[in-house]
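> Structure: coords-v1.cif, mmCIF, N, CA and C atoms.
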```cif
data_protein
#
loop_
_atom_site.label_atom_id
_atom_site.label_comp_id
_atom_site.auth_asym_id
_atom_site.auth_seq_id
_atom_site.Cartn_x
_atom_site.Cartn_y
_atom_site.Cartn_z
N MET K 1 -4.46 -7.59 -0.67
CA MET K 1 -3.28 -7.18 -1.38
C MET K 1 -2.19 -6.86 -0.38
N LYS K 2 -0.95 -6.95 -0.83
CA LYS K 2 0.20 -6.59 0.00
C LYS K 2 0.73 -5.25 -0.51
N VAL K 3 1.06 -4.39 0.42
CA VAL K 3 1.64 -3.10 0.07
C VAL K 3 2.96 -2.96 0.80
N GLN K 4 4.03 -2.86 0.03
CA GLN K 4 5.35 -2.64 0.63
C GLN K 4 5.57 -1.14 0.75
N ILE K 5 6.08 -0.73 1.89
CA ILE K 5 6.44 0.67 2.10
C ILE K 5 7.96 0.74 2.04
N ILE K 6 8.44 1.56 1.12
CA ILE K 6 9.87 1.65 0.84
C ILE K 6 10.35 3.05 1.21
N VAL K 7 11.41 3.09 2.01
CA VAL K 7 12.01 4.37 2.42
C VAL K 7 13.49 4.30 2.07
N ASP K 8 13.96 5.28 1.33
CA ASP K 8 15.36 5.37 0.92
C ASP K 8 15.83 4.08 0.24
N GLY K 9 14.96 3.51 -0.59
CA GLY K 9 15.32 2.32 -1.36
C GLY K 9 15.24 1.00 -0.61
N GLU K 10 14.84 1.03 0.66
CA GLU K 10 14.74 -0.18 1.48
C GLU K 10 13.29 -0.43 1.89
N VAL K 11 12.86 -1.69 1.80
CA VAL K 11 11.53 -2.05 2.26
C VAL K 11 11.56 -2.04 3.79
N VAL K 12 10.76 -1.15 4.39
CA VAL K 12 10.75 -1.07 5.84
C VAL K 12 9.61 -1.88 6.45
N THR K 13 8.55 -2.09 5.71
CA THR K 13 7.44 -2.91 6.18
C THR K 13 6.56 -3.33 5.02
N THR K 14 5.83 -4.40 5.24
CA THR K 14 4.83 -4.86 4.28
C THR K 14 3.51 -4.97 5.04
N GLN K 15 2.51 -4.30 4.53
CA GLN K 15 1.19 -4.30 5.15
C GLN K 15 0.20 -5.06 4.27
N ILE K 16 -0.70 -5.79 4.89
CA ILE K 16 -1.76 -6.49 4.17
C ILE K 16 -3.01 -5.61 4.24
N VAL K 17 -3.60 -5.34 3.07
CA VAL K 17 -4.84 -4.58 3.00
C VAL K 17 -5.90 -5.53 2.45
N SER K 18 -6.87 -5.87 3.27
CA SER K 18 -7.93 -6.80 2.86
C SER K 18 -8.98 -6.03 2.06
N GLU K 19 -9.09 -6.36 0.80
CA GLU K 19 -10.06 -5.69 -0.07
C GLU K 19 -11.49 -6.02 0.35
N ALA K 20 -11.69 -7.12 1.05
CA ALA K 20 -13.03 -7.52 1.49
C ALA K 20 -13.60 -6.56 2.53
N LEU K 21 -12.75 -5.83 3.23
CA LEU K 21 -13.21 -4.91 4.27
C LEU K 21 -13.60 -3.53 3.75
N TYR K 22 -13.34 -3.29 2.47
CA TYR K 22 -13.57 -1.96 1.89
C TYR K 22 -14.49 -2.06 0.68
N PRO K 23 -15.06 -0.94 0.26
CA PRO K 23 -15.96 -0.97 -0.90
C PRO K 23 -15.22 -1.46 -2.16
N PRO K 24 -15.95 -2.01 -3.11
CA PRO K 24 -15.30 -2.52 -4.33
C PRO K 24 -14.63 -1.43 -5.16
N THR K 25 -14.92 -0.18 -4.86
CA THR K 25 -14.32 0.92 -5.60
C THR K 25 -13.02 1.41 -4.96
N LEU K 26 -12.46 0.61 -4.04
CA LEU K 26 -11.20 0.97 -3.39
C LEU K 26 -10.12 1.19 -4.44
N SER K 27 -9.52 2.36 -4.41
CA SER K 27 -8.46 2.66 -5.38
C SER K 27 -7.11 2.21 -4.82
N LEU K 28 -6.14 2.09 -5.69
CA LEU K 28 -4.80 1.73 -5.26
C LEU K 28 -4.23 2.82 -4.35
N ARG K 29 -4.53 4.06 -4.65
CA ARG K 29 -4.09 5.18 -3.81
C ARG K 29 -4.65 5.04 -2.40
N GLN K 30 -5.93 4.68 -2.28
CA GLN K 30 -6.54 4.50 -0.97
C GLN K 30 -5.91 3.32 -0.23
N ALA K 31 -5.61 2.25 -0.95
CA ALA K 31 -4.98 1.08 -0.34
C ALA K 31 -3.60 1.44 0.22
N LYS K 32 -2.86 2.25 -0.52
CA LYS K 32 -1.54 2.70 -0.06
C LYS K 32 -1.68 3.55 1.20
N LEU K 33 -2.69 4.40 1.23
CA LEU K 33 -2.93 5.25 2.40
C LEU K 33 -3.31 4.40 3.62
N ILE K 34 -4.13 3.39 3.42
CA ILE K 34 -4.51 2.49 4.51
C ILE K 34 -3.27 1.79 5.06
N ALA K 35 -2.40 1.33 4.17
CA ALA K 35 -1.17 0.65 4.59
C ALA K 35 -0.26 1.61 5.35
N LEU K 36 -0.16 2.84 4.88
CA LEU K 36 0.69 3.83 5.54
C LEU K 36 0.16 4.16 6.93
N ARG K 37 -1.15 4.32 7.04
CA ARG K 37 -1.74 4.60 8.36
C ARG K 37 -1.47 3.46 9.33
N ALA K 38 -1.61 2.22 8.85
CA ALA K 38 -1.35 1.06 9.72
C ALA K 38 0.11 1.04 10.17
N ALA K 39 1.02 1.35 9.26
CA ALA K 39 2.45 1.36 9.61
C ALA K 39 2.76 2.47 10.60
N LEU K 40 2.11 3.61 10.48
CA LEU K 40 2.30 4.69 11.44
C LEU K 40 1.74 4.31 12.81
N GLU K 41 0.59 3.65 12.82
CA GLU K 41 0.00 3.21 14.09
C GLU K 41 0.87 2.15 14.77
N ASP K 42 1.45 1.25 13.96
CA ASP K 42 2.33 0.20 14.49
C ASP K 42 3.70 0.74 14.88
N ARG K 43 3.96 1.97 14.48
CA ARG K 43 5.25 2.64 14.69
C ARG K 43 6.41 1.94 13.98
N THR K 44 6.08 1.29 12.86
CA THR K 44 7.15 0.71 12.04
C THR K 44 7.69 1.74 11.05
N VAL K 45 6.95 2.84 10.92
CA VAL K 45 7.36 3.96 10.07
C VAL K 45 7.17 5.24 10.87
N THR K 46 8.17 6.11 10.84
CA THR K 46 8.05 7.40 11.52
C THR K 46 7.40 8.41 10.58
N THR K 47 7.00 9.53 11.12
CA THR K 47 6.39 10.57 10.30
C THR K 47 7.36 11.06 9.22
N GLY K 48 8.61 11.22 9.58
CA GLY K 48 9.63 11.65 8.61
C GLY K 48 9.81 10.64 7.48
N GLU K 49 9.79 9.37 7.85
CA GLU K 49 9.91 8.32 6.83
C GLU K 49 8.67 8.28 5.94
N ALA K 50 7.51 8.52 6.54
CA ALA K 50 6.26 8.52 5.77
C ALA K 50 6.27 9.57 4.67
N LEU K 51 6.93 10.68 4.94
CA LEU K 51 7.01 11.75 3.94
C LEU K 51 7.91 11.37 2.76
N ARG K 52 8.84 10.46 2.97
CA ARG K 52 9.77 10.03 1.91
C ARG K 52 9.38 8.68 1.31
N ALA K 53 8.30 8.08 1.79
CA ALA K 53 7.95 6.72 1.41
C ALA K 53 7.46 6.61 -0.04
N THR K 54 7.82 5.49 -0.63
CA THR K 54 7.24 5.07 -1.91
C THR K 54 6.60 3.71 -1.66
N PHE K 55 5.83 3.25 -2.61
CA PHE K 55 5.05 2.04 -2.39
C PHE K 55 5.15 1.08 -3.57
N ARG K 56 5.00 -0.19 -3.25
CA ARG K 56 4.90 -1.24 -4.26
C ARG K 56 3.76 -2.14 -3.81
N ALA K 57 2.81 -2.41 -4.71
CA ALA K 57 1.65 -3.22 -4.35
C ALA K 57 1.65 -4.54 -5.12
N PHE K 58 1.14 -5.58 -4.46
CA PHE K 58 1.07 -6.92 -5.04
C PHE K 58 -0.33 -7.48 -4.82
N ASP K 59 -0.82 -8.23 -5.80
CA ASP K 59 -2.12 -8.87 -5.63
C ASP K 59 -1.97 -10.13 -4.78
N THR K 60 -3.05 -10.86 -4.60
CA THR K 60 -3.02 -12.04 -3.73
C THR K 60 -2.16 -13.16 -4.30
N ALA K 61 -1.89 -13.14 -5.58
CA ALA K 61 -1.02 -14.14 -6.20
C ALA K 61 0.45 -13.73 -6.13
N GLY K 62 0.72 -12.53 -5.60
CA GLY K 62 2.09 -12.05 -5.48
C GLY K 62 2.61 -11.31 -6.71
N LEU K 63 1.71 -11.03 -7.64
CA LEU K 63 2.11 -10.30 -8.85
C LEU K 63 2.01 -8.80 -8.61
N PRO K 64 2.99 -8.04 -9.11
CA PRO K 64 2.95 -6.59 -8.90
C PRO K 64 1.73 -5.95 -9.54
N ILE K 65 1.20 -4.95 -8.89
CA ILE K 65 0.06 -4.18 -9.40
C ILE K 65 0.58 -2.80 -9.79
N GLU K 66 0.29 -2.40 -10.99
CA GLU K 66 0.63 -1.05 -11.44
C GLU K 66 -0.62 -0.19 -11.36
N ASP K 67 -0.46 1.10 -11.22
CA ASP K 67 -1.60 2.01 -11.09
C ASP K 67 -2.57 1.87 -12.25
N GLU K 68 -2.06 1.74 -13.47
CA GLU K 68 -2.91 1.65 -14.65
C GLU K 68 -3.73 0.36 -14.63
N GLU K 69 -3.11 -0.75 -14.24
CA GLU K 69 -3.80 -2.03 -14.18
C GLU K 69 -4.93 -1.98 -13.17
N TRP K 70 -4.66 -1.38 -12.01
CA TRP K 70 -5.64 -1.33 -10.95
C TRP K 70 -6.86 -0.53 -11.37
N SER K 71 -6.65 0.61 -12.01
CA SER K 71 -7.78 1.47 -12.38
C SER K 71 -8.62 0.84 -13.48
N SER K 72 -8.05 -0.04 -14.28
CA SER K 72 -8.81 -0.65 -15.36
C SER K 72 -9.69 -1.79 -14.87
N ARG K 73 -9.58 -2.18 -13.58
CA ARG K 73 -10.41 -3.24 -13.03
C ARG K 73 -11.85 -2.82 -12.88
N TYR K 74 -12.13 -1.52 -12.85
CA TYR K 74 -13.49 -1.05 -12.59
C TYR K 74 -14.00 -0.22 -13.72
#
```
Will you turn the file into structure tokens for me?

Amino acid sequence: MKVQIIVDGEVVTTQIVSEALYPPTLSLRQAKLIALRAALEDRTVTTGEALRATFRAFDTAGLPIEDEEWSSRY
């Protein structure tokens, strides 16, 4: 899945989270956290930006994933 990290209304980075590397019970919240950690490690997001960040997730087909849709998969 792709997770966009948005700060102040602008997409600052897009991280790829491979669901194959994690248990099948991976939640969307956990995927967002994995993406945020990767962006902090890459230094594409600062700590201050991380505190203001919002997220948008997309499946492998590029369709948006909503929290409700993701939780109903399991």
> On this structure, which residues satisfy the PyMOL selection byres (((chain K and resi 54-61 and name CA) around 6) and name CA), written as a ChimeraX atom specification?
/K:1-6,53,62-65
> Take atom N of K:Ala50 and atom N of K:Arg29 and report the distance between them in Å, one decimal.
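Computed distance, atom N of K:Ala50 to atom N of K:Arg29, equals 17.0 Å.
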> May I ask which of the residues K:Ala38, K:Leu28, K:Glu66, K:Thr44 is the closest one to K:Val12, counting only N, CA and C atoms?
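Of the candidates, the smallest distance to K:Val12 is held by K:Thr44.
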> Would you list, as a compact mmCIF listing (two decimals) with N, CA and C atoms, in the frame of the given file, the residues of chain K that end up in helix (DSSP H, G or I) under DSSP run on this structure's backbone?

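And here's part-v1.txt as it stands now:
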```
# COMPACT_ATOMS: atom_id res chain seq x y z
N GLU K 19 -9.09 -6.36 0.80
CA GLU K 19 -10.06 -5.69 -0.07
C GLU K 19 -11.49 -6.02 0.35
N ALA K 20 -11.69 -7.12 1.05
CA ALA K 20 -13.03 -7.52 1.49
C ALA K 20 -13.60 -6.56 2.53
N LEU K 21 -12.75 -5.83 3.23
CA LEU K 21 -13.21 -4.91 4.27
C LEU K 21 -13.60 -3.53 3.75
N LEU K 28 -6.14 2.09 -5.69
CA LEU K 28 -4.80 1.73 -5.26
C LEU K 28 -4.23 2.82 -4.35
N ARG K 29 -4.53 4.06 -4.65
CA ARG K 29 -4.09 5.18 -3.81
C ARG K 29 -4.65 5.04 -2.40
N GLN K 30 -5.93 4.68 -2.28
CA GLN K 30 -6.54 4.50 -0.97
C GLN K 30 -5.91 3.32 -0.23
N ALA K 31 -5.61 2.25 -0.95
CA ALA K 31 -4.98 1.08 -0.34
C ALA K 31 -3.60 1.44 0.22
N LYS K 32 -2.86 2.25 -0.52
CA LYS K 32 -1.54 2.70 -0.06
C LYS K 32 -1.68 3.55 1.20
N LEU K 33 -2.69 4.40 1.23
CA LEU K 33 -2.93 5.25 2.40
C LEU K 33 -3.31 4.40 3.62
N ILE K 34 -4.13 3.39 3.42
CA ILE K 34 -4.51 2.49 4.51
C ILE K 34 -3.27 1.79 5.06
N ALA K 35 -2.40 1.33 4.17
CA ALA K 35 -1.17 0.65 4.59
C ALA K 35 -0.26 1.61 5.35
N LEU K 36 -0.16 2.84 4.88
CA LEU K 36 0.69 3.83 5.54
C LEU K 36 0.16 4.16 6.93
N ARG K 37 -1.15 4.32 7.04
CA ARG K 37 -1.74 4.60 8.36
C ARG K 37 -1.47 3.46 9.33
N ALA K 38 -1.61 2.22 8.85
CA ALA K 38 -1.35 1.06 9.72
C ALA K 38 0.11 1.04 10.17
N ALA K 39 1.02 1.35 9.26
CA ALA K 39 2.45 1.36 9.61
C ALA K 39 2.76 2.47 10.60
N LEU K 40 2.11 3.61 10.48
CA LEU K 40 2.30 4.69 11.44
C LEU K 40 1.74 4.31 12.81
N GLU K 41 0.59 3.65 12.82
CA GLU K 41 0.00 3.21 14.09
C GLU K 41 0.87 2.15 14.77
N ASP K 42 1.45 1.25 13.96
CA ASP K 42 2.33 0.20 14.49
C ASP K 42 3.70 0.74 14.88
N THR K 47 7.00 9.53 11.12
CA THR K 47 6.39 10.57 10.30
C THR K 47 7.36 11.06 9.22
N GLY K 48 8.61 11.22 9.58
CA GLY K 48 9.63 11.65 8.61
C GLY K 48 9.81 10.64 7.48
N GLU K 49 9.79 9.37 7.85
CA GLU K 49 9.91 8.32 6.83
C GLU K 49 8.67 8.28 5.94
N ALA K 50 7.51 8.52 6.54
CA ALA K 50 6.26 8.52 5.77
C ALA K 50 6.27 9.57 4.67
N LEU K 51 6.93 10.68 4.94
CA LEU K 51 7.01 11.75 3.94
C LEU K 51 7.91 11.37 2.76
N ARG K 52 8.84 10.46 2.97
CA ARG K 52 9.77 10.03 1.91
C ARG K 52 9.38 8.68 1.31
N ASP K 67 -0.46 1.10 -11.22
CA ASP K 67 -1.60 2.01 -11.09
C ASP K 67 -2.57 1.87 -12.25
N GLU K 68 -2.06 1.74 -13.47
CA GLU K 68 -2.91 1.65 -14.65
C GLU K 68 -3.73 0.36 -14.63
N GLU K 69 -3.11 -0.75 -14.24
CA GLU K 69 -3.80 -2.03 -14.18
C GLU K 69 -4.93 -1.98 -13.17
N TRP K 70 -4.66 -1.38 -12.01
CA TRP K 70 -5.64 -1.33 -10.95
C TRP K 70 -6.86 -0.53 -11.37
N SER K 71 -6.65 0.61 -12.01
CA SER K 71 -7.78 1.47 -12.38
C SER K 71 -8.62 0.84 -13.48
```
> What's the separation between atom CA of K:Arg37 and atom CA of K:Asp8, in Å to one decimal place?
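Result for atom CA of K:Arg37 versus atom CA of K:Asp8: 18.7 Å, one decimal.
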> Work out how far atom C of K:Arg52 is from atom CA of K:Val7, in Å to one decimal.
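Going from atom CA of K:Val7 over to atom C of K:Arg52, I get 5.2 Å.
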> Out of chain K, which residues get strand (DSSP E or B) from DSSP, as a PyMOL selection string?
chain K and resi 2-7+10-16+54-58+64-65
> When distances are computed from only C-alpha atoms, which of K:Val11, K:Ala20, K:Leu26, K:Ala31 shows the smallest separation from K:Val45?
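When distances to K:Val45 are compared using only C-alpha atoms, the smallest one comes from K:Val11.
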> Can I get stretch 47-58 of chain K with all heavy atoms filled in, as a PDB file, in the frame of the given file?

```
ATOM      1  N   THR K  47       7.000   9.530  11.120  1.00  0.00           N
ATOM      2  CA  THR K  47       6.390  10.570  10.300  1.00  0.00           C
ATOM      3  C   THR K  47       7.360  11.060   9.220  1.00  0.00           C
ATOM      4  O   THR K  47       6.972  11.252   8.074  1.00  0.00           O
ATOM      5  CB  THR K  47       5.942  11.762  11.176  1.00  0.00           C
ATOM      6  OG1 THR K  47       5.095  11.264  12.210  1.00  0.00           O
ATOM      7  CG2 THR K  47       5.193  12.800  10.367  1.00  0.00           C
ATOM      8  N   GLY K  48       8.610  11.220   9.580  1.00  0.00           N
ATOM      9  CA  GLY K  48       9.630  11.650   8.610  1.00  0.00           C
ATOM     10  C   GLY K  48       9.810  10.640   7.480  1.00  0.00           C
ATOM     11  O   GLY K  48       9.947  11.003   6.318  1.00  0.00           O
ATOM     12  N   GLU K  49       9.790   9.370   7.850  1.00  0.00           N
ATOM     13  CA  GLU K  49       9.910   8.320   6.830  1.00  0.00           C
ATOM     14  C   GLU K  49       8.670   8.280   5.940  1.00  0.00           C
ATOM     15  O   GLU K  49       8.766   8.045   4.743  1.00  0.00           O
ATOM     16  CB  GLU K  49      10.111   6.959   7.493  1.00  0.00           C
ATOM     17  CG  GLU K  49      11.454   6.796   8.161  1.00  0.00           C
ATOM     18  CD  GLU K  49      11.560   5.518   8.969  1.00  0.00           C
ATOM     19  OE1 GLU K  49      10.521   5.021   9.470  1.00  0.00           O
ATOM     20  OE2 GLU K  49      12.684   5.026   9.104  1.00  0.00           O
ATOM     21  N   ALA K  50       7.510   8.520   6.540  1.00  0.00           N
ATOM     22  CA  ALA K  50       6.260   8.520   5.770  1.00  0.00           C
ATOM     23  C   ALA K  50       6.270   9.570   4.670  1.00  0.00           C
ATOM     24  O   ALA K  50       5.741   9.347   3.582  1.00  0.00           O
ATOM     25  CB  ALA K  50       5.073   8.744   6.696  1.00  0.00           C
ATOM     26  N   LEU K  51       6.930  10.680   4.940  1.00  0.00           N
ATOM     27  CA  LEU K  51       7.010  11.750   3.940  1.00  0.00           C
ATOM     28  C   LEU K  51       7.910  11.370   2.760  1.00  0.00           C
ATOM     29  O   LEU K  51       7.737  11.882   1.660  1.00  0.00           O
ATOM     30  CB  LEU K  51       7.518  13.043   4.580  1.00  0.00           C
ATOM     31  CG  LEU K  51       6.590  13.662   5.614  1.00  0.00           C
ATOM     32  CD1 LEU K  51       7.284  14.811   6.323  1.00  0.00           C
ATOM     33  CD2 LEU K  51       5.296  14.122   4.966  1.00  0.00           C
ATOM     34  N   ARG K  52       8.840  10.460   2.970  1.00  0.00           N
ATOM     35  CA  ARG K  52       9.770  10.030   1.910  1.00  0.00           C
ATOM     36  C   ARG K  52       9.380   8.680   1.310  1.00  0.00           C
ATOM     37  O   ARG K  52      10.053   8.187   0.414  1.00  0.00           O
ATOM     38  CB  ARG K  52      11.179   9.903   2.482  1.00  0.00           C
ATOM     39  CG  ARG K  52      11.746  11.182   3.038  1.00  0.00           C
ATOM     40  CD  ARG K  52      13.219  11.064   3.401  1.00  0.00           C
ATOM     41  NE  ARG K  52      13.625   9.846   4.069  1.00  0.00           N
ATOM     42  CZ  ARG K  52      13.691   9.666   5.392  1.00  0.00           C
ATOM     43  NH1 ARG K  52      13.331  10.640   6.192  1.00  0.00           N
ATOM     44  NH2 ARG K  52      14.111   8.529   5.911  1.00  0.00           N
ATOM     45  N   ALA K  53       8.300   8.080   1.790  1.00  0.00           N
ATOM     46  CA  ALA K  53       7.950   6.720   1.410  1.00  0.00           C
ATOM     47  C   ALA K  53       7.460   6.610  -0.040  1.00  0.00           C
ATOM     48  O   ALA K  53       6.805   7.516  -0.559  1.00  0.00           O
ATOM     49  CB  ALA K  53       6.872   6.185   2.344  1.00  0.00           C
ATOM     50  N   THR K  54       7.820   5.490  -0.630  1.00  0.00           N
ATOM     51  CA  THR K  54       7.240   5.070  -1.910  1.00  0.00           C
ATOM     52  C   THR K  54       6.600   3.710  -1.660  1.00  0.00           C
ATOM     53  O   THR K  54       6.829   3.092  -0.620  1.00  0.00           O
ATOM     54  CB  THR K  54       8.292   4.983  -3.028  1.00  0.00           C
ATOM     55  OG1 THR K  54       9.312   4.066  -2.637  1.00  0.00           O
ATOM     56  CG2 THR K  54       8.909   6.342  -3.324  1.00  0.00           C
ATOM     57  N   PHE K  55       5.830   3.250  -2.610  1.00  0.00           N
ATOM     58  CA  PHE K  55       5.050   2.040  -2.390  1.00  0.00           C
ATOM     59  C   PHE K  55       5.150   1.080  -3.570  1.00  0.00           C
ATOM     60  O   PHE K  55       5.336   1.510  -4.707  1.00  0.00           O
ATOM     61  CB  PHE K  55       3.572   2.396  -2.197  1.00  0.00           C
ATOM     62  CG  PHE K  55       3.343   3.359  -1.079  1.00  0.00           C
ATOM     63  CD1 PHE K  55       3.410   4.730  -1.294  1.00  0.00           C
ATOM     64  CD2 PHE K  55       3.082   2.913   0.193  1.00  0.00           C
ATOM     65  CE1 PHE K  55       3.212   5.630  -0.270  1.00  0.00           C
ATOM     66  CE2 PHE K  55       2.888   3.797   1.232  1.00  0.00           C
ATOM     67  CZ  PHE K  55       2.950   5.159   1.005  1.00  0.00           C
ATOM     68  N   ARG K  56       5.000  -0.190  -3.250  1.00  0.00           N
ATOM     69  CA  ARG K  56       4.900  -1.240  -4.260  1.00  0.00           C
ATOM     70  C   ARG K  56       3.760  -2.140  -3.810  1.00  0.00           C
ATOM     71  O   ARG K  56       3.734  -2.582  -2.660  1.00  0.00           O
ATOM     72  CB  ARG K  56       6.206  -2.021  -4.324  1.00  0.00           C
ATOM     73  CG  ARG K  56       6.402  -2.756  -5.598  1.00  0.00           C
ATOM     74  CD  ARG K  56       7.768  -3.403  -5.697  1.00  0.00           C
ATOM     75  NE  ARG K  56       8.788  -2.665  -4.951  1.00  0.00           N
ATOM     76  CZ  ARG K  56       9.957  -3.155  -4.610  1.00  0.00           C
ATOM     77  NH1 ARG K  56      10.290  -4.373  -4.924  1.00  0.00           N
ATOM     78  NH2 ARG K  56      10.835  -2.445  -3.932  1.00  0.00           N
ATOM     79  N   ALA K  57       2.810  -2.410  -4.710  1.00  0.00           N
ATOM     80  CA  ALA K  57       1.650  -3.220  -4.350  1.00  0.00           C
ATOM     81  C   ALA K  57       1.650  -4.540  -5.120  1.00  0.00           C
ATOM     82  O   ALA K  57       2.119  -4.611  -6.263  1.00  0.00           O
ATOM     83  CB  ALA K  57       0.365  -2.456  -4.654  1.00  0.00           C
ATOM     84  N   PHE K  58       1.140  -5.580  -4.460  1.00  0.00           N
ATOM     85  CA  PHE K  58       1.070  -6.920  -5.040  1.00  0.00           C
ATOM     86  C   PHE K  58      -0.330  -7.480  -4.820  1.00  0.00           C
ATOM     87  O   PHE K  58      -0.927  -7.257  -3.762  1.00  0.00           O
ATOM     88  CB  PHE K  58       2.095  -7.844  -4.374  1.00  0.00           C
ATOM     89  CG  PHE K  58       3.502  -7.381  -4.542  1.00  0.00           C
ATOM     90  CD1 PHE K  58       4.081  -6.523  -3.627  1.00  0.00           C
ATOM     91  CD2 PHE K  58       4.259  -7.798  -5.625  1.00  0.00           C
ATOM     92  CE1 PHE K  58       5.385  -6.082  -3.775  1.00  0.00           C
ATOM     93  CE2 PHE K  58       5.558  -7.363  -5.785  1.00  0.00           C
ATOM     94  CZ  PHE K  58       6.129  -6.506  -4.864  1.00  0.00           C
TER      95      PHE K  58
END
```
